[in-house]
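A.B. asks: Quick one: structure below, then a few questions.
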There are 2 protein chains.
Amino acid sequence: MNDIFENKSLTNLKSIGEFGLIDRLTDNISLRHERSLCGVGDDAAIIDAGENVQVISTDMLVEGIHFDMHYAPLKHVGYKAIAVNLSDIAAMNARPEQVLVSIAVSSRYSVEALEELYDGMKLCCERYGVDIVGGDTSASMSGLVISVTVIGYAPKNKVVKRSTAQEHDLVCVSGDLGGAYMGLLILEREKQVFLENPSVQPELEGCDYILERQLKPEPRLDIIGMLAEKNILPTSMIDISDGLSSDMLHICHQSHKGCRLYEDKIPIDNQTYDMAMDFAITPSVAALNGGEDYELLFTIAQPDYDKIKNDIAVSVIGYITAENEGCSLITKDDKLITLQAQGWNAYEK
Amino acid sequence: MNDIFENKSLTNLKSIGEFGLIDRLTDNISLRHERSLCGVGDDAAIIDAGENVQVISTDMLVEGIHFDMHYAPLKHVGYKAIAVNLSDIAAMNARPEQVLVSIAVSSRYSVEALEELYDGMKLCCERYGVDIVGGDTSASMSGLVISVTVIGYAPKNKVVKRSTAQEHDLVCVSGDLGGAYMGLLILEREKQVFLENPSVQPELEGCDYILERQLKPEPRLDIIGMLAEKNILPTSMIDISDGLSSDMLHICHQSHKGCRLYEDKIPIDNQTYDMAMDFAITPSVAALNGGEDYELLFTIAQPDYDKIKNDIAVSVIGYITAENEGCSLITKDDKLITLQAQGWNAYEK
């Protein structure tokens, strides 16, 4: 019988991390169907659909890894499971239309609890006009696992990949960053307090914005609409799930380019700023390395700058350079720091 | 904080089973996009793709529920994860083209173990000409969860649903039934022997066929090809994942029809037959109630009978009746027994 868990000479998952693992597993995959336009390596796969392309993405959320039943209401978990998938479609400059939802769940969950989960999913689908067309339900040995696959569409010449940023392009980001991470820190702090003394009420006053950033993120489909309206086609795009640093590096590596970002241009909300100071964290570090903001990070050609410069939903935070100039951040005190992928390594937990 | 696990007045998952749960969760779902032709309730969702339809299905496999690391080699687990999804596409009379693969895995798995899993997936994809175009990897708290989404295509007028069987149609099944279930019983028996005394070699001689039925099923895409070649369009179709009884009832209920099946027509392999006798199980009961054979169960109009009657890969096992005649089996000793959905209730485990 199997001894795959016994052999100590095998490679530990922690040693190569999520992206290393993906590289190893998808190394020799080639595409044979004409319709398979683009496979592993972007926010979504691209499939030929006549005049349009179809973009398809899938994400798994695991209890205890991506959400914690101590503080995440199931309705929010459901909403977020859909929202993060829609965000992948937005990152391709496409519009989501259908989702398939699979859950594996242990029998300690009640039917009512799962209805609450689905209510959250349905709410997010309704808000963004998406159809739930299929799925699967299964038992699990422990906890809840949610897998969502989302299908979106874009005209063939409007789909935007990570790999097409050009030198001198401007780097833009929507909304503000670091909030979801600060929300997580608050929730983790209050969970510890609760576990020590369940009668203490959680201290969440004045944290509503950052809690919502963590528990109920919104896909920035409004930004996709705004870009279309202003006739701006980004030259590359990704959604920020792992943190600004890590996701900027994805664009740069896949485009074979470098970048300069300016610390003082990174958009940070006041609540995020204040809470970071409370936790003795430099706010821009929360923005660079905290994940799950689900904002859009994209590059535009310089002639498009005038169309966007007065839009308060978008900040220009830097520019694209040649690859040999590397990827770096200019700090507020004018130091040059190399960007590092300090995003989430799931296997470190 | 959350108390969803404390309230005893809530509905237990076991009390409503998998299909009851799906009904509750998908109750008020409506479709808004023109492209969303058919949603929850068949083997796959149907999406408009111009001249063709696209069919999309998703399935989750959970360690300890769908596979057991004590006896399932990871390469086979990977192969089966893809095969069962391709089977859903075959059940729509369509051809699979793309898959997306997500895994959640605990850090006790090595990179090499996951490469073995992916080797199995790639082998099945290669065999059936399918592209791996995307996916997700994530950590899990315990064990391995695999979620596969598969995309297939069929000409618009060739896609076959569960809900369109007609009175007097003939009920056909491909291959033979009950083997996967008997294979499972053998593996469970040898696992117990192994757990009691790890030095005992498993007794698997003469079981190769039924073990392969359980560990490495094949999607019957050859049958889809044969039907097209003979110009037969089934009037309804499903793949047998839950057992002949349960899946026949899906066709009947969704078509608002009844059926008569004949026990002596149910195809059973000799190895399945012999092993069932060893276990003191009536072989046809293994075929009716054992799941995971992944054969195709379909109905054809009577005029098509001549085209298929000499095909050894297909057995005609009964016919469709009016709904009020119910769904029943004529036993070898000419008794009429009502078919019951004794398929798999995941939450009973």
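Letters for chains follow the order of the structure tokens (A, B, ...), residue numbers begin at 1 for each chain, and ligand numbers begin at 1 in the order shown.
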Output as a PyMOL selection string all residues of range 58-213 of chain A that backbone DSSP marks as strand (DSSP E or B).
C.D. replies: chain A and resi 58-63+67+95-105+110+131-139+144-155+170-174
A.B. asks: Include C-alpha atoms and write out the residues we just selected as a short mmCIF file (atom, residue, chain, number, x, y, z; two decimals), in the first residue's frame.
C.D. replies:
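Output file part_33.cif is given in full below:
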data_model
loop_
_atom_site.label_atom_id
_atom_site.label_comp_id
_atom_site.auth_asym_id
_atom_site.auth_seq_id
_atom_site.Cartn_x
_atom_site.Cartn_y
_atom_site.Cartn_z
CA THR A 58 -11.57 28.97 -10.97
CA ASP A 59 -10.72 29.53 -7.31
CA MET A 60 -10.98 27.39 -4.24
CA LEU A 61 -11.69 28.71 -0.73
CA VAL A 62 -10.86 26.45 2.19
CA GLU A 63 -12.13 26.82 5.76
CA PHE A 67 -11.81 32.02 5.95
CA ARG A 95 -17.70 40.76 -18.07
CA PRO A 96 -18.73 37.74 -15.96
CA GLU A 97 -21.93 35.92 -17.00
CA GLN A 98 -22.03 32.43 -15.45
CA VAL A 99 -20.68 30.66 -12.39
CA LEU A 100 -20.55 27.03 -11.28
CA VAL A 101 -20.35 26.48 -7.53
CA SER A 102 -19.09 23.33 -5.81
CA ILE A 103 -19.02 22.78 -2.09
CA ALA A 104 -17.65 19.99 0.07
CA VAL A 105 -18.97 20.17 3.59
CA SER A 110 -26.78 22.44 8.99
CA ASP A 131 -26.12 33.30 -13.49
CA ILE A 132 -25.46 30.26 -11.27
CA VAL A 133 -25.63 27.49 -13.90
CA GLY A 134 -24.22 24.45 -12.14
CA GLY A 135 -22.11 22.90 -9.46
CA ASP A 136 -21.59 19.96 -7.20
CA THR A 137 -22.17 19.19 -3.53
CA SER A 138 -20.16 16.65 -1.64
CA ALA A 139 -19.33 15.54 1.87
CA LEU A 144 -16.06 23.57 4.26
CA VAL A 145 -14.38 23.82 0.86
CA ILE A 146 -15.86 26.06 -1.83
CA SER A 147 -14.79 25.93 -5.46
CA VAL A 148 -16.16 28.49 -7.88
CA THR A 149 -15.64 28.55 -11.65
CA VAL A 150 -16.63 31.74 -13.44
CA ILE A 151 -17.16 32.39 -17.13
CA GLY A 152 -16.94 35.84 -18.69
CA TYR A 153 -16.83 37.41 -22.11
CA ALA A 154 -14.96 40.18 -23.88
CA PRO A 155 -14.67 41.29 -27.51
CA LEU A 170 1.97 54.20 -16.49
CA VAL A 171 1.13 51.88 -13.59
CA CYS A 172 -2.37 52.48 -12.19
CA VAL A 173 -4.30 51.01 -9.30
CA SER A 174 -7.99 51.35 -8.44
#
A.B. asks: What's the 6 Å shell around Ile300 in chain B, counting only C-alpha atoms, without same-chain residues fewer than 5 positions away, as a ChimeraX atom specification?
C.D. replies: /B:169-170,234-235
A.B. asks: Which one is closest to Leu185 in chain A: A:Ile268, A:Met226, A:Ala286, A:Ile320? Count only C-alpha atoms.
C.D. replies: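 Closest to Leu185 in chain A of all the choices is A:Ala286.
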A.B. asks: From the list B:Ser30, B:Gln254, B:Ser107, B:Asn52, which residue is nearest Gly129 in chain A when using only C-alpha atoms?
C.D. replies: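 Nearest candidate to Gly129 in chain A out of B:Ser30, B:Gln254, B:Ser107, B:Asn52: B:Ser30.
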A.B. asks: May I ask for the distance between CA of Ser57 in chain B and CA of Arg35 in chain B, given in Å to one decimal place?
C.D. replies: 15.8 Å
A.B. asks: For CA of Asp68 in chain B and CA of Phe19 in chain B, quote the distance in Å rounded to one decimal.
C.D. replies: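 It comes out at 23.7 Å.
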A.B. asks: Calculate how many Å separate CA of Val53 in chain A from CA of Lys158 in chain A, rounding to one decimal.
C.D. replies: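 Taking CA of Val53 in chain A and CA of Lys158 in chain A, their separation equals 9.1 Å.
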A.B. asks: Which residues of range 120-177 of chain A have any atom within 6 Å of an atom in range 71-83 of chain A when counting only C-alpha atoms, and what is the closest pair of atoms for each, with the distance in Å to one decimal? Order the rows by chain and rising number and write it as a Markdown table.
C.D. replies:
| residue | atom | partner | partner_atom | distance |
| --- | --- | --- | --- | --- |
| A:Gly120 | CA | A:Lys75 | CA | 4.2 |
| A:Met121 | CA | A:Gly78 | CA | 4.5 |
| A:Cys124 | CA | A:Tyr79 | CA | 5.3 |
A.B. asks: For a quick check of understanding, using only C-alpha atoms, which of A:Glu323, A:Asp88, A:Asp43, A:Asp27 has the smallest distance to Ser255 in chain A?
C.D. replies: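 Among A:Glu323, A:Asp88, A:Asp43, A:Asp27, it is A:Glu323 that comes nearest to Ser255 in chain A.
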